[in-house]
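Engineer: So here's input16.txt, just compact mmCIF, C-alpha atoms:
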# COMPACT_ATOMS: atom_id res chain seq x y z
CA MET O 1235 -30.84 236.95 45.27
CA THR O 1236 -30.78 239.17 42.19
CA GLN O 1237 -28.19 241.81 41.33
CA THR O 1238 -30.67 244.49 42.44
CA ASP O 1239 -30.61 242.92 45.92
CA LYS O 1240 -26.81 243.11 46.05
CA ALA O 1241 -24.48 246.02 46.59
CA PRO O 1242 -23.56 247.78 43.32
CA LEU O 1243 -20.54 246.46 41.50
CA PRO O 1244 -17.44 248.57 42.13
CA ALA O 1245 -16.28 250.79 39.29
CA ARG O 1246 -13.44 249.18 37.37
CA THR O 1247 -10.70 250.66 35.27
CA PRO O 1248 -10.99 248.97 31.89
CA ARG O 1249 -8.01 246.94 30.74
CA LEU O 1250 -9.52 245.96 27.39
CA TYR O 1251 -10.66 248.38 24.70
CA TRP O 1252 -11.82 248.05 21.11
CA GLU O 1253 -8.19 247.89 19.97
CA ASP O 1254 -7.73 244.66 21.98
CA PHE O 1255 -10.12 242.70 19.73
CA PRO O 1256 -8.41 242.34 16.33
CA PRO O 1257 -10.20 240.27 13.66
CA GLY O 1258 -9.28 236.59 13.87
CA SER O 1259 -8.36 236.68 17.56
CA VAL O 1260 -9.76 233.88 19.73
CA ARG O 1261 -10.53 233.58 23.45
CA GLU O 1262 -11.48 230.34 25.19
CA PHE O 1263 -12.93 230.50 28.65
CA GLY O 1264 -15.43 229.28 31.16
CA LYS O 1265 -16.36 226.08 32.83
CA HIS O 1266 -19.85 225.71 34.19
CA THR O 1267 -21.57 222.44 35.13
CA LEU O 1268 -25.35 222.40 35.07
CA THR O 1269 -27.30 220.85 37.92
CA ARG O 1270 -30.88 219.65 37.89
CA GLU O 1271 -31.77 222.32 40.43
CA ALA O 1272 -30.32 225.14 38.32
CA ILE O 1273 -32.08 223.91 35.16
CA VAL O 1274 -35.45 223.68 36.92
CA ARG O 1275 -34.99 227.00 38.75
CA PHE O 1276 -34.19 228.90 35.53
CA ALA O 1277 -36.99 227.19 33.60
CA SER O 1278 -39.53 227.80 36.37
CA GLU O 1279 -38.94 231.51 36.11
CA PHE O 1280 -38.18 232.08 32.42
CA ASP O 1281 -39.09 229.07 30.23
CA PRO O 1282 -41.56 226.78 32.05
CA GLN O 1283 -41.93 224.15 29.35
CA PRO O 1284 -42.41 220.60 30.71
CA PHE O 1285 -39.14 219.18 29.27
CA HIS O 1286 -37.21 221.78 31.31
CA LEU O 1287 -39.12 221.11 34.53
CA ASP O 1288 -40.03 217.44 34.83
CA GLU O 1289 -37.96 214.30 34.16
CA ALA O 1290 -40.93 212.19 33.03
CA ALA O 1291 -42.10 214.86 30.57
CA ALA O 1292 -38.53 215.32 29.38
CA GLU O 1293 -38.07 211.57 28.78
CA ALA O 1294 -41.20 211.58 26.61
CA SER O 1295 -39.98 214.61 24.64
CA LEU O 1296 -37.59 214.90 21.69
CA PHE O 1297 -34.77 215.54 24.18
CA GLY O 1298 -35.16 212.25 26.08
CA ALA O 1299 -33.91 213.80 29.32
CA LEU O 1300 -34.27 216.94 31.39
CA SER O 1301 -32.64 219.71 29.36
CA ALA O 1302 -31.71 223.31 30.01
CA SER O 1303 -33.59 226.04 28.24
CA GLY O 1304 -31.67 227.46 25.31
CA TRP O 1305 -32.06 230.83 27.01
CA HIS O 1306 -30.40 229.37 30.10
CA THR O 1307 -27.46 228.34 27.91
CA CYS O 1308 -27.31 231.87 26.48
CA ALA O 1309 -27.40 233.35 29.99
CA LEU O 1310 -24.53 231.09 31.07
CA VAL O 1311 -22.46 232.11 28.05
CA MET O 1312 -23.09 235.74 29.00
CA ARG O 1313 -22.03 235.07 32.59
CA MET O 1314 -18.84 233.32 31.48
CA MET O 1315 -18.11 236.19 29.08
CA CYS O 1316 -18.57 238.73 31.90
CA ASP O 1317 -16.30 236.74 34.20
CA ASP O 1318 -13.59 236.27 31.57
CA PHE O 1319 -13.26 239.76 30.09
CA LEU O 1320 -16.38 241.86 29.66
CA LEU O 1321 -16.43 243.34 33.17
CA ASP O 1322 -12.77 244.34 32.71
CA SER O 1323 -13.42 246.04 29.40
CA ALA O 1324 -14.65 249.38 28.13
CA SER O 1325 -17.89 247.67 27.04
CA LEU O 1326 -20.67 250.01 25.94
CA GLY O 1327 -23.29 247.30 25.40
CA SER O 1328 -24.55 245.59 22.28
CA PRO O 1329 -26.83 246.59 19.43
CA GLY O 1330 -27.97 242.96 19.18
CA LEU O 1331 -27.42 239.46 17.84
CA ASP O 1332 -27.49 238.51 14.18
CA HIS O 1333 -27.65 234.74 14.67
CA ILE O 1334 -28.34 232.21 17.39
CA LYS O 1335 -28.67 228.46 17.05
CA TRP O 1336 -29.12 225.76 19.67
CA LEU O 1337 -27.32 222.74 18.21
CA LYS O 1338 -27.68 220.09 20.91
CA PRO O 1339 -29.59 219.81 24.18
CA VAL O 1340 -27.70 220.78 27.33
CA LEU O 1341 -28.41 218.14 29.96
CA VAL O 1342 -27.96 217.74 33.70
CA GLY O 1343 -24.25 217.26 34.41
CA ASP O 1344 -23.04 218.87 31.18
CA THR O 1345 -20.07 221.20 31.63
CA LEU O 1346 -19.99 224.15 29.26
CA ARG O 1347 -17.07 226.19 27.97
CA VAL O 1348 -16.94 228.98 25.39
CA ARG O 1349 -14.84 229.79 22.36
CA LEU O 1350 -15.14 233.35 21.10
CA GLN O 1351 -13.68 234.57 17.81
CA VAL O 1352 -13.56 238.13 16.52
CA GLN O 1353 -15.10 238.16 13.04
CA GLU O 1354 -14.84 241.88 12.34
CA ALA O 1355 -13.84 245.10 14.09
CA ARG O 1356 -14.39 248.64 12.89
CA PRO O 1357 -14.76 252.13 14.30
CA MET O 1358 -18.31 253.43 14.56
CA ALA O 1359 -18.68 256.15 11.92
CA SER O 1360 -21.21 258.23 13.87
CA ARG O 1361 -19.33 257.97 17.19
CA PRO O 1362 -15.55 257.99 16.74
CA HIS O 1363 -14.94 257.13 20.42
CA VAL O 1364 -16.78 253.80 19.92
CA GLY O 1365 -15.58 250.67 18.11
CA LEU O 1366 -17.80 247.82 16.93
CA VAL O 1367 -16.74 244.19 17.24
CA ARG O 1368 -18.63 241.29 15.65
CA PHE O 1369 -18.09 238.11 17.62
CA GLU O 1370 -18.94 234.48 17.01
CA TRP O 1371 -19.52 232.54 20.22
CA GLN O 1372 -19.54 228.76 20.38
CA ALA O 1373 -20.45 226.84 23.53
CA PHE O 1374 -19.24 223.27 23.89
CA ASN O 1375 -20.10 220.51 26.36
CA GLN O 1376 -17.56 218.32 28.15
CA LYS O 1377 -17.32 216.05 25.07
CA SER O 1378 -16.30 219.08 22.94
CA GLU O 1379 -19.62 218.85 21.13
CA PRO O 1380 -20.98 222.24 20.04
CA VAL O 1381 -24.27 223.03 21.78
CA LEU O 1382 -24.75 226.70 20.84
CA THR O 1383 -23.51 229.18 18.29
CA MET O 1384 -24.22 232.92 18.25
CA GLN O 1385 -23.03 235.87 16.24
CA GLY O 1386 -23.50 239.49 17.14
CA TRP O 1387 -22.01 242.86 17.83
CA ASN O 1388 -20.56 244.53 20.90
CA MET O 1389 -19.59 248.16 21.31
CA PHE O 1390 -16.38 249.12 23.12
CA GLY O 1391 -14.75 252.39 24.00
CA ARG O 1392 -11.65 253.17 21.99
CA ARG O 1393 -8.39 253.56 23.87
CA GLU O 1394 -7.39 256.53 21.71
CA ALA O 1395 -10.59 258.34 22.66
CA ALA O 1396 -10.04 257.55 26.38
CA ALA O 1397 -6.57 259.09 26.41
CA PRO O 1398 -6.42 262.74 27.50
CA ALA O 1399 -5.60 265.22 24.77
CA ALA O 1400 -1.99 266.46 24.84
Could I get this file's structure written as structure tokens?

Structural biologist:
Amino acid sequence: MTQTDKAPLPARTPRLYWEDFPPGSVREFGKHTLTREAIVRFASEFDPQPFHLDEAAAEASLFGALSASGWHTCALVMRMMCDDFLLDSASLGSPGLDHIKWLKPVLVGDTLRVRLQVQEARPMASRPHVGLVRFEWQAFNQKSEPVLTMQGWNMFGRREAAAPAA
């Protein structure tokens, strides 16, 4: 079932705004264990390369075992980010990623967690009610080995702009 098949998400009152993401701050969150079924299901729809779909093909590949698509790993990081804070924030979306690197294959049974650090935060010059935050995300497996790193920007509403004028 996709989100379009579900009832719309209820409107939330944001608890986190641009001001809540000072440079240097760190959040650690998430815990998601990958199953064979989830890896194959995602790959079948979005990245149907043999090493994501078939154990024999995966064993003969550079990975040596069935591995999740890197895009699956990115999607899981996004889900964990939504669950931890994004859906409770004044998020206004993202203008994009500057960097993404898959460092190590994510295999069946791996459990992922995320470390997010604020690299930079500044008001948006053209839209004073919006603040930009540059994050670095790192995903780790259960052995604390980094499997993914990303850097990019998010836009958040500013608390000052949300407050009614006196």

Engineer: Can you tell me, as a PDB file with C-alpha atoms, keeping the file's coordinate frame, what residues are no more than 10 Å from O:Arg1261 when counting all atoms listed in the file, ignoring any on the same chain fewer than 3 positions away?

Structural biologist:
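See result_25.pdb below for the written result:
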ATOM      1  CA  PHE O1255     -10.120 242.700  19.730  1.00  0.00           C
ATOM      2  CA  MET O1315     -18.110 236.190  29.080  1.00  0.00           C
ATOM      3  CA  ASP O1318     -13.590 236.270  31.570  1.00  0.00           C
ATOM      4  CA  PHE O1319     -13.260 239.760  30.090  1.00  0.00           C
ATOM      5  CA  VAL O1348     -16.940 228.980  25.390  1.00  0.00           C
ATOM      6  CA  ARG O1349     -14.840 229.790  22.360  1.00  0.00           C
ATOM      7  CA  LEU O1350     -15.140 233.350  21.100  1.00  0.00           C
ATOM      8  CA  GLN O1351     -13.680 234.570  17.810  1.00  0.00           C
ATOM      9  CA  VAL O1352     -13.560 238.130  16.520  1.00  0.00           C
ATOM     10  CA  TRP O1371     -19.520 232.540  20.220  1.00  0.00           C
TER      11      TRP O1371
END

Engineer: When distances are computed from all atoms listed in the file, which of O:Trp1252, O:Gln1385, O:Pro1257, O:Ala1299 shows the smallest separation from O:Val1364?

Structural biologist: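 Among the listed residues, the smallest separation from O:Val1364 belongs to O:Trp1252.
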
Engineer: Could you pull the residues within 8 Å of O:Trp1336, counting all atoms listed in the file, minus those fewer than 2 positions along the same chain, as a ChimeraX atom specification?

Structural biologist: /O:1304,1334,1338-1339,1381-1383

Engineer: Could you check how far atom CA of O:Gln1283 sits from atom CA of O:Ser1295, in Å to one decimal?

Structural biologist: 10.8 Å

Engineer: Work out how far apart atom CA of O:Leu1250 and atom CA of O:Asp1322 are and give it in Å to one decimal.

Structural biologist: 6.4 Å

Engineer: When you count only C-alpha atoms, which of these residues is closest to O:Arg1313: O:Leu1346, O:Val1367, O:Val1260, O:Leu1287?

Structural biologist: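 Looking only at the distances to O:Arg1313, the closest residue turns out to be O:Leu1346.
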
Engineer: May I ask which of the residues O:Ala1309, O:Lys1265, O:Glu1253, O:Phe1390 is the closest one to O:Ala1277, counting only C-alpha atoms?

Structural biologist: O:Ala1309

Engineer: Between atom CA of O:Ala1291 and atom CA of O:Thr1307, what is the distance in Å, rounded to a tenth?

Structural biologist: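 Atom CA of O:Thr1307 lies 20.1 Å from atom CA of O:Ala1291.
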
Engineer: Which residue is closest to O:Arg1249? Choose from O:Pro1362, O:Pro1284, O:Leu1337, O:Ser1325 and count all atoms listed in the file.

Structural biologist: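 For O:Arg1249, the nearest of the given residues is O:Ser1325.
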
Engineer: Around stretch 1318-1329 of chain O, fit a box with edges along x, y and z, padding it by 4 Å on each side, then list its centre and edge lengths in Å to one decimal as lines of an AutoDock Vina configuration file.

Structural biologist:
center_x = -19.8
center_y = 243.1
center_z = 26.3
size_x = 22.1
size_y = 21.7
size_z = 21.7

Engineer: Calculated over only C-alpha atoms, which of the candidates O:Lys1377, O:Pro1357, O:Val1342, O:Ala1324 has the smallest distance to O:His1286?

Structural biologist: O:Val1342

Engineer: For O:Asp1288, please output as a PyMOL selection string all residues within 12 Å (counting all atoms listed in the file; exclusion window: fewer than 4 positions along the same chain).

Structural biologist: chain O and resi 1270-1271+1273-1275+1277-1278+1282-1284+1292-1295+1298-1302

Engineer: I'd like the neighbourhood of O:Gln1353 as a ChimeraX atom specification, where a residue qualifies if any of its atoms comes within 7 Å (using all atoms listed in the file), though same-chain residues fewer than 4 positions away should be ignored.

Structural biologist: /O:1257-1258,1368-1370

Engineer: Rank nothing, just name the residue among O:Ala1355, O:Ala1272, O:Val1340, O:Ala1373 nearest to O:Asp1254, using all atoms listed in the file.

Structural biologist: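 Among the listed residues, the smallest separation from O:Asp1254 belongs to O:Ala1355.
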
Engineer: (-11.0, 245.8, 35.4) in this file's frame - what residues fall within 8 Å of it? Use all atoms listed in the file and give the answer as a PyMOL selection string.

Structural biologist: chain O and resi 1246-1249+1321-1323

Engineer: Restrict the selected residues to C-alpha atoms and save them as a tab-separated table (two decimals), in the frame of the given file.

Structural biologist:
chain	number	residue	atom	x	y	z
O	1246	ARG	CA	-13.44	249.18	37.37
O	1247	THR	CA	-10.70	250.66	35.27
O	1248	PRO	CA	-10.99	248.97	31.89
O	1249	ARG	CA	-8.01	246.94	30.74
O	1321	LEU	CA	-16.43	243.34	33.17
O	1322	ASP	CA	-12.77	244.34	32.71
O	1323	SER	CA	-13.42	246.04	29.40

Engineer: Using the incomplete input, complete stretch 1352-1363 of chain O to the level of N, CA, C and O atoms; output as a CSV table (one decimal), in the coordinates of the input.

Structural biologist:
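Result file follows (part07.csv):
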chain,number,residue,atom,x,y,z
O,1352,VAL,N,-13.2,236.8,17.1
O,1352,VAL,CA,-13.6,238.1,16.5
O,1352,VAL,C,-13.7,238.0,15.0
O,1352,VAL,O,-12.7,237.5,14.3
O,1353,GLN,N,-14.9,238.3,14.5
O,1353,GLN,CA,-15.1,238.2,13.0
O,1353,GLN,C,-14.8,239.4,12.3
O,1353,GLN,O,-14.3,239.4,11.2
O,1354,GLU,N,-15.0,240.6,13.0
O,1354,GLU,CA,-14.8,241.9,12.3
O,1354,GLU,C,-14.7,242.9,13.4
O,1354,GLU,O,-15.3,242.8,14.5
O,1355,ALA,N,-14.0,244.0,13.2
O,1355,ALA,CA,-13.8,245.1,14.1
O,1355,ALA,C,-13.7,246.4,13.3
O,1355,ALA,O,-12.9,246.4,12.3
O,1356,ARG,N,-14.5,247.4,13.6
O,1356,ARG,CA,-14.4,248.6,12.9
O,1356,ARG,C,-14.8,249.8,13.8
O,1356,ARG,O,-15.7,249.6,14.7
O,1357,PRO,N,-14.3,251.0,13.5
O,1357,PRO,CA,-14.8,252.1,14.3
O,1357,PRO,C,-16.2,252.4,13.9
O,1357,PRO,O,-16.6,252.2,12.8
O,1358,MET,N,-16.9,253.0,14.8
O,1358,MET,CA,-18.3,253.4,14.6
O,1358,MET,C,-18.3,254.8,13.9
O,1358,MET,O,-17.7,255.8,14.5
O,1359,ALA,N,-18.8,254.9,12.7
O,1359,ALA,CA,-18.7,256.2,11.9
O,1359,ALA,C,-19.3,257.3,12.6
O,1359,ALA,O,-18.8,258.4,12.6
O,1360,SER,N,-20.5,257.1,13.2
O,1360,SER,CA,-21.2,258.2,13.9
O,1360,SER,C,-20.7,258.6,15.3
O,1360,SER,O,-21.0,259.7,15.8
O,1361,ARG,N,-19.9,257.7,15.8
O,1361,ARG,CA,-19.3,258.0,17.2
O,1361,ARG,C,-17.9,257.5,17.2
O,1361,ARG,O,-17.6,256.4,17.5
O,1362,PRO,N,-16.9,258.4,16.9
O,1362,PRO,CA,-15.6,258.0,16.7
O,1362,PRO,C,-14.9,257.4,18.0
O,1362,PRO,O,-13.9,256.8,17.9
O,1363,HIS,N,-15.5,257.7,19.2
O,1363,HIS,CA,-14.9,257.1,20.4
O,1363,HIS,C,-15.4,255.7,20.7
O,1363,HIS,O,-15.0,255.1,21.7
